[in-house]
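Accompanying notes for the structure given below.
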Number of protein chains: 2
Amino acid sequence: MTAATETPKPNLLELLWRAGPEASRGPRKGLTVDAVVAAAVELADREGLEALTVRRLAQELGKAPMTLYTYVPGKTELVALMIDSLFASMERTPVAGLPWRERLAAVARDGYSLYRRHPWAAAASPSRPPLGPGQCAKYEHELQALEGLGLSDVEMDDVLAYLLGFVRIAAQDAAQADAERAASAMSDQEWWEANGPLLAKVLDPERFPTAVRVGQAAGEAHDSAYDAEHAFSFGLERTLDALAPLIERDE
Amino acid sequence: MTAATETPKPNLLELLWRAGPEASRGPRKGLTVDAVVAAAVELADREGLEALTVRRLAQELGKAPMTLYTYVPGKTELVALMIDSLFASMERTPVAGLPWRERLAAVARDGYSLYRRHPWAAAASPSRPPLGPGQCAKYEHELQALEGLGLSDVEMDDVLAYLLGFVRIAAQDAAQADAERAASAMSDQEWWEANGPLLAKVLDPERFPTAVRVGQAAGEAHDSAYDAEHAFSFGLERTLDALAPLIERDE
DNA sequence: TTGTACACCGTACGACGTACTAAGTACAAT
DNA sequence: ATTGTACTTAGTACGTCGTACGGTGTACAA
């Protein structure tokens with residue numbers, strides 16, 4: 001029995017920082033982790049996260065499916081790498097010198113437009129992503145926007161998590177509204193013809209007086225049933241108001 | 001050729017309101033939609049949304065997998081029904097007579113604890129769920145908590161969407177933190193032994209000065225890397241502060 | 001020159017959602 | 001009472017997924 005050559009599964013952290021040992025023997029690699037990740041991002045952007053399958057991605061790269069496992073240990077790790085690569089290359093509006101509201105607004109808008117450009121990432125990105133280089137660069141830049149405002153270190157982290165939570169949920173909702181609009185082959189008119197009668201019967205103004213009134217008003221105000229961009233700008237103002245007492249507390 | 005008996009696929013809306021025509025011929029039904037949905041909720045609570053498969057659910061109900069499709073047209077509709085059933089039976093703290101902050105806090109806490117009890121729902125529930133009876137009852141109750149505060153109808157909807165967005169993201173993050181803790185078989189110590197050296201090399205305090213400092217402070221403050229309950233209570237206070245200017249604007 | 005670590009590929013396994021078909025049931029129409 | 005038919009239930013099977021496994025050939029190290 002030969003001693004098993006221990007090739008421990010490459011760690012996600014090593015992979016994120018591209019710190020794995022590079023092979024010195026064997027055939028030349030036909031791809032790189034970066035190339036795989038870039039192709040995956042492009043595919044997910046084009047056709048959504050559910051179209052991103054290992055087979056499909058391999059096909060686009062001109063390789064057999066299992067080949068990708070040489071570069072990436074599994075699909076979850078691939079998605080983590082994809083998100084970190086987004087974070088690494090995202091736009092970071094310079095904020096030095098701006099008043100605090102504009103600084104935080106810029107941070108929020110940078111994040112939001114990243115997620116709008118890559119809607120799958122809003123659904124997939126966790127609150128505390130693994131500490132890859134992209135995540136670290138993002139975190140560093142965002143924290144610098146919070147420096148000098150009289151917050152403690154712990155408060156800075158709390159405030160940032162709160163702000164980014166808003167950004168993520170706004171992006172999720174926007175992406176979902178888009179997806180629903182695209183998925184329903186029905187026009188609004190067809191939908192109402194199909195479902196209007198039932199809704200009219202069931203949305204009893206005596207049982208749901210406030211809901212019927214407010215729902216109707218909201219539906220008319222935003223031309224669509226849900227106006228994502230309005231929700232974002234409304235929410236951003238609120239979120240900055242939320243932080244004002246904390247930040248301006250001792251000025 | 002016999003004329004095709006048109007049995008149009010039951011609409012999700014009809015299903016939500018249990019408004020489908022009931023069969024008058026054929027064998028007695030061995031189950032009800034409610035029973036299927038209840039079993040599905042129980043299974044998802046117990047083992048998570050990814051354990052909720054049609055086969056597994058059918059097994060728990062003592063039926064063949066395909067049998068469930070008599071009650072529910074597909075898995076997506078099943079999940080929608082599950083969420084609406086949660087909304088229908090959730091706790092709704094009475095808020096009449098309370099000051100506005102306590103009213104909104106109660107609404108937020110009811111929602112949050114619902115999602116904490118059913119973590120899968122936080123991930124699956126969309127911003128604008130289909131108008132089932134549970135969703136309507138929830139919406140009605142929540143809007144009543146916003147009545148009489150001097151807001152327009154459209155503002156009431158905006159404010160509620162904003163508040164519920166916070167609740168959802170807080171619940172998502174909490175659920176994810178739990179899941180990660182459960183999934184990693186490693187203890188914190190093992191994790192640091194495995195990843196500490198790389199992180200120490202790569203988290204260069206010159207490249208990421210603020211991130212390293214704040215990250216360390218935050219990590220020490222919350223015993224775990226991410227303290228969900230703290231994030232919720234911190235965020236709830238902020239969110240109420242966010243709404244104060246709007247609500248107290250003309251008092 | 002040769003041994004070996006490695007990239008690459010084909011095949012295959014066990015899950016998944018669900019389409020299709022057949023069997024059997026109980027009410028409606030006769 | 002009988003028969004037709006709408007219905008529930010079940011079995012089988014298809015196409016998809018992630019990925020385990022084993023084989024083949026390459027190119028560097030010894």
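Going by the structure tokens order, chains are called A, B, ..., each with residues numbered from 1, while ligands are numbered from 1 in the order shown.
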
Stretch 75-174 of chain B residues near stretch 150-161 of chain A within 12 Å, closest pair each, using only C-alpha atoms, as JSON lines:
{"residue": "B:Phe166", "atom": "CA", "partner": "A:Ala161", "partner_atom": "CA", "distance": 11.7}
{"residue": "B:Ile169", "atom": "CA", "partner": "A:Ala161", "partner_atom": "CA", "distance": 10.8}
{"residue": "B:Ala170", "atom": "CA", "partner": "A:Ala161", "partner_atom": "CA", "distance": 10.1}
{"residue": "B:Asp173", "atom": "CA", "partner": "A:Ala161", "partner_atom": "CA", "distance": 10.3}

Would you mind listing what lies within 9 Å of B:Pro126 as a PDB file with N, CA and C atoms, in the first residue's frame, with only C-alpha atoms (C1' of nucleotides) counted and same-chain residues fewer than 2 positions away left out?
ATOM      1  N   GLN A 172     -32.315  43.458  -3.535  1.00  0.00           N
ATOM      2  CA  GLN A 172     -33.074  42.207  -3.645  1.00  0.00           C
ATOM      3  C   GLN A 172     -34.483  42.471  -4.147  1.00  0.00           C
ATOM      4  N   ASP A 173     -35.129  43.428  -3.529  1.00  0.00           N
ATOM      5  CA  ASP A 173     -36.506  43.712  -3.918  1.00  0.00           C
ATOM      6  C   ASP A 173     -36.571  44.205  -5.350  1.00  0.00           C
ATOM      7  N   GLN A 176     -36.051  41.304  -7.679  1.00  0.00           N
ATOM      8  CA  GLN A 176     -37.214  40.424  -7.706  1.00  0.00           C
ATOM      9  C   GLN A 176     -38.365  41.039  -8.498  1.00  0.00           C
TER      10      GLN A 176
ATOM     11  N   ALA B 122     -37.711  33.789   5.840  1.00  0.00           N
ATOM     12  CA  ALA B 122     -37.026  35.061   5.618  1.00  0.00           C
ATOM     13  C   ALA B 122     -36.340  35.064   4.263  1.00  0.00           C
ATOM     14  N   ALA B 123     -35.761  33.929   3.910  1.00  0.00           N
ATOM     15  CA  ALA B 123     -35.072  33.851   2.628  1.00  0.00           C
ATOM     16  C   ALA B 123     -36.056  33.787   1.465  1.00  0.00           C
ATOM     17  N   ALA B 124     -37.188  33.128   1.680  1.00  0.00           N
ATOM     18  CA  ALA B 124     -38.096  32.872   0.571  1.00  0.00           C
ATOM     19  C   ALA B 124     -39.127  33.964   0.365  1.00  0.00           C
ATOM     20  N   ARG B 128     -43.126  41.808  -2.137  1.00  0.00           N
ATOM     21  CA  ARG B 128     -44.567  41.917  -2.387  1.00  0.00           C
ATOM     22  C   ARG B 128     -45.135  40.526  -2.600  1.00  0.00           C
ATOM     23  N   PRO B 129     -45.484  39.863  -1.514  1.00  0.00           N
ATOM     24  CA  PRO B 129     -46.005  38.506  -1.679  1.00  0.00           C
ATOM     25  C   PRO B 129     -47.369  38.561  -2.348  1.00  0.00           C
ATOM     26  N   PRO B 130     -47.768  37.454  -2.976  1.00  0.00           N
ATOM     27  CA  PRO B 130     -49.086  37.408  -3.608  1.00  0.00           C
ATOM     28  C   PRO B 130     -50.183  37.670  -2.579  1.00  0.00           C
TER      29      PRO B 130
END

Near chain C, 7 Å: chain B residue rows, closest pairs, only C-alpha atoms (C1' of nucleotides), as a Markdown table:
| residue | atom | partner | partner_atom | distance |
| --- | --- | --- | --- | --- |
| B:Ser24 | CA | C:DC27 | C1' | 6.8 |
| B:Arg25 | CA | C:DC27 | C1' | 4.9 |
| B:Gly26 | CA | C:DA26 | C1' | 4.9 |
| B:Pro27 | CA | C:DT25 | C1' | 4.7 |

Could you turn the residues from that selection into a file that holds N, CA and C atoms, as an mmCIF file, in the first residue's frame?
data_model
loop_
_atom_site.group_PDB
_atom_site.id
_atom_site.type_symbol
_atom_site.label_atom_id
_atom_site.label_comp_id
_atom_site.auth_asym_id
_atom_site.auth_seq_id
_atom_site.Cartn_x
_atom_site.Cartn_y
_atom_site.Cartn_z
ATOM 1 N N SER B 24 -66.816 16.920 -7.037
ATOM 2 C CA SER B 24 -68.047 16.271 -6.580
ATOM 3 C C SER B 24 -68.060 14.792 -6.963
ATOM 4 N N ARG B 25 -67.130 14.402 -7.788
ATOM 5 C CA ARG B 25 -67.049 12.992 -8.184
ATOM 6 C C ARG B 25 -65.705 12.402 -7.835
ATOM 7 N N GLY B 26 -65.630 11.132 -7.892
ATOM 8 C CA GLY B 26 -64.368 10.453 -7.667
ATOM 9 C C GLY B 26 -64.142 10.135 -6.215
ATOM 10 N N PRO B 27 -63.033 9.510 -5.926
ATOM 11 C CA PRO B 27 -62.733 9.063 -4.563
ATOM 12 C C PRO B 27 -62.626 10.243 -3.616
#

Pick out each residue of stretch 22-249 of chain A that DSSP on the backbone tags as alpha helix (DSSP H); I need them as a PyMOL selection string. chain A and resi 33-47+54-61+75-89+100-117+119-124+133-144+153-183+188-202+209-221+228-247

Using only C-alpha atoms, select each residue of chain B with any atom at most 7 Å away from an atom of chain A, and give the selection as a VMD selection string. chain B and resid 127 139 to 140 143 to 144 153 to 154 157 162 165 to 166 169 173 208 210 to 211 214 217 to 218 235 238 to 239 241 to 243

Rows by chain and residue number, chain D within 10 Å of chain B, shortest pair, only C-alpha atoms (C1' of nucleotides), as a tab-separated table:
residue	atom	partner	partner_atom	distance
D:DT5	C1'	B:Arg25	CA	8.6
D:DA6	C1'	B:Arg25	CA	5.7
D:DC7	C1'	B:Gly26	CA	4.1
D:DT8	C1'	B:Pro27	CA	5.8
D:DT9	C1'	B:Thr67	CA	6.1
D:DA10	C1'	B:Ala64	CA	6.4
D:DG11	C1'	B:Ala64	CA	9.0

Excluding stretch 35-44 of chain B and its own-chain neighbours fewer than 5 positions away, which residues fall within 6 Å of it when counting only C-alpha atoms (C1' of nucleotides)? Please give them as a ChimeraX atom specification. /B:49,52,82

Would you work out the distance separating atom CA of B:Val33 from atom CA of B:Tyr71, expressed in Å to one decimal? 5.6 Å
